[in-house]
Amino acid sequence: MQHNIVVVHELYPELLAALQAEHHVTHFQRLGSDADRAAFRDAMAEADAFIGSNVKFDKALLDASPRLKVIASVSVGVDAYPLEEIQARNIVLTNTPEVLTDATADTGFLLLMMAARRAGEMERKVRGGQWQASLGRADFGVDITGKTLGVVGMGRIGQAVAQRGHYGFNMPVMFYNRSERPELEEAFDARQVSLETLFSESDFIVVTVALSEATRGLIDRNLLAATRDKAILINISRGQVVVEEDLAACLQDGTLYYAGLDVYEREPLAPDSALLSLDNAVLLPHIGSSTFETRNAMCDLAADNLNRVLKGESALTSV
């Protein structure tokens, strides 16, 4: 049976063709204009299923989508979706965990290493013709091997970060998690500690916790002010977990040595963001899962979830 599918994502060509062969597909790579957004809402009025990301569903959009049976999100996080409204309408919401774990953890360590060695600053020196002699102490970074790694949130991505630190860089690991995880203490020779202890005793703090009402604004000036000398904060979770104004202020006044960010309170980052003027911040444009292999795998899983639900079967990964 052919269904009406609305896609808001840059699916790879073979997958898009496969969906088009089986369903009636209305495809948007992104909703970048008023015309696109109007056409999207028109298409959702007849949609049986949605697949994509970066679309904020609200009650008005759900009301305008009376036939909708499944939302197949190409993401792990589902903070863009009103879960109670979706459940009340018996719509199945699926996501794509696991397949992006390694790519996102790799991005965390990329930021960690760039911040530790001030790689962004040093690259700008070379490009700007400022490398005229051997570097002095003003340009030194900090070591990684053997330093203490603190992980905020010990889900799949947090565990992958801990694995890289413990086994790859001989880093003592401590972690904060809402539930007790003694098996992870054993796996990584780690300590489960309070958030305050983690911030005061870690050299590198990597934030991987999911966004929820409990974690929104979790990391603020009080925690950042407790960090030790030359501590580095990495955020690969959601921008709203960190109070960005507090972070920028602590970087500006030296309370925090360095930060590496892939996520922000507002995305894309606002042109007037204080972060843009800071040399001691490495800023990436939310590339956590942006590899060909990982994004293809996420799209495959989302499409598989969508097709299974439309056939009356259980999704492989649902919320």
# chains A, B, ... in the order shown; residues from 1 in each chain; ligands from 1
call {"tool": "closest_atom_pairs", "arguments": {"of": "range 72-168 of chain A", "to": "range 200-205 of chain A", "cutoff": "12 Å", "atoms": "only C-alpha atoms", "output": "CSV"}}
result
residue,atom,partner,partner_atom,distance
A:Gly108,CA,A:Ile205,CA,10.2
A:Phe109,CA,A:Phe204,CA,10.3
A:Leu111,CA,A:Phe204,CA,10.8
A:Leu112,CA,A:Phe204,CA,7.5
A:Met113,CA,A:Phe204,CA,10.1
A:Ala115,CA,A:Phe204,CA,9.9
A:Ala116,CA,A:Phe204,CA,8.9
A:Val142,CA,A:Asp203,CA,9.9
A:Asp143,CA,A:Asp203,CA,9.9
A:Ile144,CA,A:Phe204,CA,8.5
A:Thr145,CA,A:Asp203,CA,10.8
A:Gly146,CA,A:Asp203,CA,9.9
A:Lys147,CA,A:Asp203,CA,6.1
A:Thr148,CA,A:Ser202,CA,5.1
A:Leu149,CA,A:Phe204,CA,5.0
A:Gly150,CA,A:Ile205,CA,4.6
A:Val151,CA,A:Ile205,CA,5.9
A:Val152,CA,A:Ile205,CA,7.3
A:Gly153,CA,A:Ile205,CA,10.8
A:Gly158,CA,A:Ile205,CA,11.0
A:Val161,CA,A:Ile205,CA,10.6
A:Ala162,CA,A:Ile205,CA,10.9
A:Gly165,CA,A:Phe204,CA,10.0
call {"tool": "write_last_selection", "arguments": {"atoms": "all heavy atoms", "output": "tab-separated table (two decimals), in the first residue's frame"}}
result
chain	number	residue	atom	x	y	z
A	108	GLY	N	33.69	14.52	20.34
A	108	GLY	CA	34.05	14.99	21.68
A	108	GLY	C	35.54	14.99	21.90
A	108	GLY	O	36.11	15.94	22.45
A	109	PHE	N	36.20	13.92	21.46
A	109	PHE	CA	37.65	13.86	21.65
A	109	PHE	C	38.38	14.78	20.68
A	109	PHE	O	39.46	15.30	21.01
A	109	PHE	CB	38.17	12.43	21.57
A	109	PHE	CG	38.57	11.92	22.92
A	109	PHE	CD1	37.63	11.34	23.74
A	109	PHE	CD2	39.86	12.10	23.38
A	109	PHE	CE1	37.98	10.93	25.02
A	109	PHE	CE2	40.22	11.69	24.65
A	109	PHE	CZ	39.28	11.10	25.48
A	111	LEU	N	37.27	17.77	19.89
A	111	LEU	CA	37.20	19.04	20.59
A	111	LEU	C	38.14	19.07	21.79
A	111	LEU	O	38.79	20.10	22.05
A	111	LEU	CB	35.76	19.30	21.04
A	111	LEU	CG	34.78	19.75	19.97
A	111	LEU	CD1	33.34	19.61	20.46
A	111	LEU	CD2	35.05	21.18	19.55
A	112	LEU	N	38.19	17.97	22.51
A	112	LEU	CA	39.06	17.89	23.69
A	112	LEU	C	40.52	18.12	23.29
A	112	LEU	O	41.24	18.91	23.92
A	112	LEU	CB	38.87	16.54	24.37
A	112	LEU	CG	39.55	16.26	25.70
A	112	LEU	CD1	38.77	15.22	26.48
A	112	LEU	CD2	40.99	15.79	25.51
A	113	MET	N	40.95	17.45	22.23
A	113	MET	CA	42.34	17.56	21.80
A	113	MET	C	42.63	18.95	21.21
A	113	MET	O	43.70	19.53	21.44
A	113	MET	CB	42.66	16.46	20.81
A	113	MET	CG	42.55	15.06	21.42
A	113	MET	SD	42.81	13.73	20.23
A	113	MET	CE	44.60	13.82	20.05
A	115	ALA	N	41.11	21.74	22.01
A	115	ALA	CA	41.15	22.70	23.11
A	115	ALA	C	42.43	22.56	23.91
A	115	ALA	O	43.07	23.55	24.27
A	115	ALA	CB	39.92	22.51	24.00
A	116	ALA	N	42.82	21.32	24.19
A	116	ALA	CA	44.02	21.09	25.01
A	116	ALA	C	45.26	21.69	24.36
A	116	ALA	O	46.12	22.29	25.03
A	116	ALA	CB	44.22	19.59	25.25
A	142	VAL	N	48.07	22.13	27.04
A	142	VAL	CA	48.18	21.22	28.18
A	142	VAL	C	48.17	19.78	27.70
A	142	VAL	O	47.64	19.46	26.63
A	142	VAL	CB	47.05	21.44	29.20
A	142	VAL	CG1	47.12	22.84	29.80
A	142	VAL	CG2	45.68	21.20	28.57
A	143	ASP	N	48.77	18.90	28.50
A	143	ASP	CA	48.76	17.47	28.19
A	143	ASP	C	47.37	16.87	28.37
A	143	ASP	O	46.53	17.41	29.10
A	143	ASP	CB	49.73	16.73	29.11
A	143	ASP	CG	51.18	16.87	28.69
A	143	ASP	OD1	51.42	17.16	27.50
A	143	ASP	OD2	52.06	16.69	29.55
A	144	ILE	N	47.17	15.75	27.71
A	144	ILE	CA	45.93	14.99	27.84
A	144	ILE	C	46.17	13.68	28.59
A	144	ILE	O	45.44	13.34	29.52
A	144	ILE	CB	45.32	14.70	26.45
A	144	ILE	CG1	44.99	16.00	25.73
A	144	ILE	CG2	44.08	13.82	26.58
A	144	ILE	CD1	44.65	15.81	24.27
A	145	THR	N	47.18	12.95	28.18
A	145	THR	CA	47.45	11.63	28.75
A	145	THR	C	47.65	11.72	30.26
A	145	THR	O	48.41	12.55	30.76
A	145	THR	CB	48.71	11.02	28.10
A	145	THR	OG1	48.47	10.88	26.70
A	145	THR	CG2	49.04	9.67	28.70
A	146	GLY	N	46.92	10.86	30.96
A	146	GLY	CA	47.04	10.80	32.41
A	146	GLY	C	46.22	11.81	33.17
A	146	GLY	O	46.14	11.75	34.40
A	147	LYS	N	45.58	12.76	32.48
A	147	LYS	CA	44.75	13.74	33.17
A	147	LYS	C	43.37	13.14	33.49
A	147	LYS	O	42.93	12.17	32.88
A	147	LYS	CB	44.57	14.98	32.28
A	147	LYS	CG	45.85	15.75	32.01
A	147	LYS	CD	46.35	16.46	33.25
A	147	LYS	CE	47.55	17.34	32.96
A	147	LYS	NZ	47.21	18.50	32.13
A	148	THR	N	42.68	13.76	34.44
A	148	THR	CA	41.39	13.24	34.89
A	148	THR	C	40.26	13.67	33.94
A	148	THR	O	40.12	14.85	33.63
A	148	THR	CB	41.08	13.73	36.32
A	148	THR	OG1	42.09	13.26	37.20
A	148	THR	CG2	39.72	13.20	36.79
A	149	LEU	N	39.49	12.69	33.51
A	149	LEU	CA	38.36	12.90	32.61
A	149	LEU	C	37.06	12.77	33.39
A	149	LEU	O	36.81	11.75	34.03
A	149	LEU	CB	38.38	11.87	31.48
A	149	LEU	CG	37.17	11.83	30.54
A	149	LEU	CD1	37.08	13.13	29.74
A	149	LEU	CD2	37.27	10.63	29.60
A	150	GLY	N	36.23	13.81	33.35
A	150	GLY	CA	34.92	13.77	33.97
A	150	GLY	C	33.84	13.74	32.90
A	150	GLY	O	33.84	14.58	32.00
A	151	VAL	N	32.93	12.78	32.98
A	151	VAL	CA	31.87	12.62	31.99
A	151	VAL	C	30.52	12.89	32.66
A	151	VAL	O	30.17	12.22	33.63
A	151	VAL	CB	31.89	11.21	31.37
A	151	VAL	CG1	30.80	11.08	30.31
A	151	VAL	CG2	33.26	10.90	30.76
A	152	VAL	N	29.79	13.85	32.12
A	152	VAL	CA	28.48	14.19	32.65
A	152	VAL	C	27.43	13.47	31.80
A	152	VAL	O	27.17	13.84	30.66
A	152	VAL	CB	28.24	15.71	32.61
A	152	VAL	CG1	26.86	16.04	33.19
A	152	VAL	CG2	29.33	16.45	33.36
A	153	GLY	N	26.85	12.41	32.35
A	153	GLY	CA	25.88	11.60	31.62
A	153	GLY	C	26.55	10.37	31.06
A	153	GLY	O	27.37	10.46	30.15
A	158	GLY	N	28.39	8.80	26.48
A	158	GLY	CA	29.26	9.00	27.63
A	158	GLY	C	30.19	7.83	27.86
A	158	GLY	O	31.38	8.01	28.15
A	161	VAL	N	32.95	7.92	25.28
A	161	VAL	CA	33.96	8.91	25.64
A	161	VAL	C	34.86	8.37	26.74
A	161	VAL	O	36.09	8.49	26.68
A	161	VAL	CB	33.28	10.23	26.08
A	161	VAL	CG1	34.30	11.18	26.71
A	161	VAL	CG2	32.59	10.89	24.90
A	162	ALA	N	34.27	7.76	27.76
A	162	ALA	CA	35.05	7.18	28.85
A	162	ALA	C	36.00	6.10	28.34
A	162	ALA	O	37.16	6.01	28.78
A	162	ALA	CB	34.12	6.61	29.92
A	165	GLY	N	38.98	7.74	26.67
A	165	GLY	CA	39.88	8.36	27.64
A	165	GLY	C	40.65	7.33	28.45
A	165	GLY	O	41.88	7.45	28.62
call {"tool": "select_by_dssp", "arguments": {"residues": "range 119-223 of chain A", "states": "strand (DSSP E or B)", "output": "PyMOL selection string"}}
result
chain A and resi 149-152+173-176+191-192+204-207+219
call {"tool": "write_last_selection", "arguments": {"atoms": "C-alpha atoms", "output": "PDB file, in the first residue's frame"}}
result
ATOM      1  CA  LEU A 149      38.360  12.903  32.610  1.00  0.00           C
ATOM      2  CA  GLY A 150      34.916  13.769  33.968  1.00  0.00           C
ATOM      3  CA  VAL A 151      31.873  12.621  31.993  1.00  0.00           C
ATOM      4  CA  VAL A 152      28.477  14.186  32.648  1.00  0.00           C
ATOM      5  CA  VAL A 173      37.660   8.596  34.813  1.00  0.00           C
ATOM      6  CA  MET A 174      34.922   9.963  37.033  1.00  0.00           C
ATOM      7  CA  PHE A 175      31.325  10.354  35.996  1.00  0.00           C
ATOM      8  CA  TYR A 176      28.024  11.847  37.036  1.00  0.00           C
ATOM      9  CA  ARG A 191      34.341   6.749  40.172  1.00  0.00           C
ATOM     10  CA  GLN A 192      30.694   7.801  40.179  1.00  0.00           C
ATOM     11  CA  PHE A 204      38.535  17.656  31.164  1.00  0.00           C
ATOM     12  CA  ILE A 205      34.746  17.713  31.528  1.00  0.00           C
ATOM     13  CA  VAL A 206      32.719  16.216  28.667  1.00  0.00           C
ATOM     14  CA  VAL A 207      28.961  16.838  28.705  1.00  0.00           C
ATOM     15  CA  ILE A 219      25.753  23.688  34.116  1.00  0.00           C
TER      16      ILE A 219
END
call {"tool": "atom_distance", "arguments": {"atom1": "CA of His166 in chain A", "atom2": "CA of Asp139 in chain A"}}
result
27.3 Å
call {"tool": "residues_around", "arguments": {"residues": "Leu31 in chain A", "least_positions_apart": "3", "cutoff": "10 Å", "atoms": "only C-alpha atoms", "output": "PyMOL selection string"}}
result
chain A and resi 8-9+28+34-40+54-55
call {"tool": "residues_around", "arguments": {"residues": "range 281-291 of chain A", "least_positions_apart": "6", "cutoff": "7 Å", "atoms": "only C-alpha atoms", "output": "PyMOL selection string"}}
result
chain A and resi 100+103-104+107+111+115+120+258-263+275
call {"tool": "write_last_selection", "arguments": {"atoms": "all heavy atoms", "output": "compact mmCIF listing (two decimals), in the first residue's frame"}}
result
# COMPACT_ATOMS: atom_id res chain seq x y z
N LEU A 100 25.04 6.46 15.96
CA LEU A 100 25.88 7.66 15.94
C LEU A 100 26.80 7.77 17.15
O LEU A 100 27.51 8.77 17.32
CB LEU A 100 25.04 8.92 15.81
CG LEU A 100 23.88 9.20 16.77
CD1 LEU A 100 24.31 9.39 18.20
CD2 LEU A 100 23.09 10.39 16.29
N ALA A 103 30.72 8.19 16.24
CA ALA A 103 31.02 9.45 15.57
C ALA A 103 30.91 10.63 16.53
O ALA A 103 31.74 11.55 16.50
CB ALA A 103 30.08 9.66 14.38
N THR A 104 29.91 10.61 17.40
CA THR A 104 29.74 11.72 18.35
C THR A 104 30.83 11.71 19.41
O THR A 104 31.36 12.76 19.78
CB THR A 104 28.35 11.65 19.00
OG1 THR A 104 27.35 11.61 17.97
CG2 THR A 104 28.11 12.86 19.88
N THR A 107 33.89 13.11 17.95
CA THR A 107 33.81 14.57 17.91
C THR A 107 34.16 15.17 19.27
O THR A 107 34.85 16.19 19.36
CB THR A 107 32.41 15.03 17.48
OG1 THR A 107 32.11 14.50 16.19
CG2 THR A 107 32.30 16.54 17.43
N LEU A 111 37.27 17.77 19.89
CA LEU A 111 37.20 19.04 20.59
C LEU A 111 38.14 19.07 21.79
O LEU A 111 38.79 20.10 22.05
CB LEU A 111 35.76 19.30 21.04
CG LEU A 111 34.78 19.75 19.97
CD1 LEU A 111 33.34 19.61 20.46
CD2 LEU A 111 35.05 21.18 19.55
N ALA A 115 41.11 21.74 22.01
CA ALA A 115 41.15 22.70 23.11
C ALA A 115 42.43 22.56 23.91
O ALA A 115 43.07 23.55 24.27
CB ALA A 115 39.92 22.51 24.00
N GLY A 120 42.93 25.50 17.25
CA GLY A 120 42.30 26.54 16.45
C GLY A 120 43.13 27.81 16.42
O GLY A 120 43.35 28.42 15.36
N TYR A 258 39.36 26.81 29.01
CA TYR A 258 39.05 26.61 27.59
C TYR A 258 37.73 25.84 27.47
O TYR A 258 37.32 25.15 28.40
CB TYR A 258 40.16 25.78 26.92
CG TYR A 258 40.70 26.36 25.64
CD1 TYR A 258 41.87 27.13 25.64
CD2 TYR A 258 40.06 26.16 24.42
CE1 TYR A 258 42.40 27.66 24.47
CE2 TYR A 258 40.57 26.69 23.24
CZ TYR A 258 41.74 27.44 23.28
OH TYR A 258 42.25 27.97 22.12
N ALA A 259 37.11 25.96 26.32
CA ALA A 259 35.90 25.19 26.03
C ALA A 259 35.93 24.71 24.59
O ALA A 259 36.50 25.38 23.72
CB ALA A 259 34.64 26.02 26.28
N GLY A 260 35.33 23.56 24.36
CA GLY A 260 35.13 23.04 23.01
C GLY A 260 33.66 22.73 22.84
O GLY A 260 33.10 21.92 23.59
N LEU A 261 33.02 23.38 21.87
CA LEU A 261 31.56 23.29 21.75
C LEU A 261 31.16 22.84 20.36
O LEU A 261 31.67 23.35 19.36
CB LEU A 261 30.93 24.66 22.04
CG LEU A 261 31.32 25.33 23.35
CD1 LEU A 261 30.73 26.74 23.41
CD2 LEU A 261 30.88 24.50 24.54
N ASP A 262 30.21 21.91 20.32
CA ASP A 262 29.60 21.50 19.06
C ASP A 262 28.12 21.84 19.04
O ASP A 262 27.44 21.66 18.03
CB ASP A 262 29.79 19.99 18.84
CG ASP A 262 29.42 19.55 17.44
OD1 ASP A 262 29.74 20.27 16.48
OD2 ASP A 262 28.80 18.46 17.29
N VAL A 263 27.60 22.34 20.17
CA VAL A 263 26.17 22.63 20.32
C VAL A 263 26.01 23.94 21.07
O VAL A 263 26.87 24.33 21.88
CB VAL A 263 25.44 21.49 21.06
CG1 VAL A 263 25.38 20.23 20.22
CG2 VAL A 263 26.11 21.19 22.40
N LEU A 275 30.65 34.20 22.30
CA LEU A 275 31.59 33.10 22.09
C LEU A 275 32.49 33.34 20.88
O LEU A 275 33.64 32.90 20.84
CB LEU A 275 30.84 31.77 21.91
CG LEU A 275 30.06 31.27 23.12
CD1 LEU A 275 29.18 30.09 22.73
CD2 LEU A 275 31.02 30.86 24.24
call {"tool": "closest_atom_pairs", "arguments": {"of": "range 12-47 of chain A", "to": "range 305-316 of chain A", "cutoff": "12 Å", "atoms": "only C-alpha atoms", "output": "tab-separated table"}}
result
residue	atom	partner	partner_atom	distance
A:Ala18	CA	A:Asn307	CA	11.2
A:Leu19	CA	A:Asn307	CA	9.1
A:Glu22	CA	A:Asn307	CA	9.6
A:His23	CA	A:Asn307	CA	9.8
A:Ala47	CA	A:Leu310	CA	11.8
call {"tool": "write_last_selection", "arguments": {"atoms": "N, CA, C and O atoms", "output": "PDB file, in the first residue's frame"}}
result
ATOM      1  N   ALA A  18      14.471   4.683  -3.039  1.00  0.00           N
ATOM      2  CA  ALA A  18      13.765   3.508  -2.522  1.00  0.00           C
ATOM      3  C   ALA A  18      12.433   3.911  -1.882  1.00  0.00           C
ATOM      4  O   ALA A  18      11.412   3.234  -2.065  1.00  0.00           O
ATOM      5  N   LEU A  19      12.426   5.006  -1.133  1.00  0.00           N
ATOM      6  CA  LEU A  19      11.177   5.479  -0.535  1.00  0.00           C
ATOM      7  C   LEU A  19      10.198   5.935  -1.607  1.00  0.00           C
ATOM      8  O   LEU A  19       8.995   5.657  -1.529  1.00  0.00           O
ATOM      9  N   GLU A  22       8.238   3.188  -3.278  1.00  0.00           N
ATOM     10  CA  GLU A  22       7.234   2.502  -2.470  1.00  0.00           C
ATOM     11  C   GLU A  22       6.112   3.427  -2.001  1.00  0.00           C
ATOM     12  O   GLU A  22       4.997   2.970  -1.736  1.00  0.00           O
ATOM     13  N   HIS A  23       6.411   4.720  -1.896  1.00  0.00           N
ATOM     14  CA  HIS A  23       5.450   5.665  -1.338  1.00  0.00           C
ATOM     15  C   HIS A  23       5.363   6.924  -2.202  1.00  0.00           C
ATOM     16  O   HIS A  23       6.204   7.155  -3.073  1.00  0.00           O
ATOM     17  N   ALA A  47      -0.199  13.771   5.244  1.00  0.00           N
ATOM     18  CA  ALA A  47       0.915  12.858   5.524  1.00  0.00           C
ATOM     19  C   ALA A  47       0.502  11.709   6.442  1.00  0.00           C
ATOM     20  O   ALA A  47      -0.140  11.912   7.473  1.00  0.00           O
TER      21      ALA A  47
END
call {"tool": "atom_distance", "arguments": {"atom1": "CA of Ile71 in chain A", "atom2": "CA of Ala49 in chain A"}}
result
6.0 Å
call {"tool": "residues_around", "arguments": {"residues": "His24 in chain A", "least_positions_apart": "3", "cutoff": "9 Å", "atoms": "only C-alpha atoms", "output": "JSON, numbers by chain"}}
result
{"A": [2, 3, 4, 5, 6, 19, 20, 21]}
call {"tool": "residues_around", "arguments": {"residues": "Met298 in chain A", "least_positions_apart": "3", "cutoff": "6 Å", "atoms": "only C-alpha atoms", "output": "short mmCIF file (atom, residue, chain, number, x, y, z; two decimals) with N, CA, C and O atoms, in the first residue's frame"}}
result
data_model
loop_
_atom_site.label_atom_id
_atom_site.label_comp_id
_atom_site.auth_asym_id
_atom_site.auth_seq_id
_atom_site.Cartn_x
_atom_site.Cartn_y
_atom_site.Cartn_z
N VAL A 74 15.45 11.48 12.54
CA VAL A 74 16.84 11.12 12.23
C VAL A 74 17.71 11.78 13.30
O VAL A 74 18.45 12.75 13.04
N THR A 96 17.07 7.36 16.41
CA THR A 96 18.18 6.58 15.84
C THR A 96 19.35 6.51 16.81
O THR A 96 20.43 7.05 16.57
N ARG A 295 25.66 9.23 9.06
CA ARG A 295 24.39 9.80 8.63
C ARG A 295 23.61 8.83 7.75
O ARG A 295 22.37 8.76 7.84
N LEU A 301 18.12 3.59 9.44
CA LEU A 301 17.36 3.16 10.61
C LEU A 301 16.03 3.89 10.69
O LEU A 301 14.98 3.28 10.96
#
call {"tool": "select_by_dssp", "arguments": {"residues": "range 16-242 of chain A", "states": "helix (DSSP H, G or I)", "output": "ChimeraX atom specification"}}
result
/A:16-22,34-44,59-63,83-88,101-116,119-127,137-139,156-169,182-187,195-201,221-225,239-241
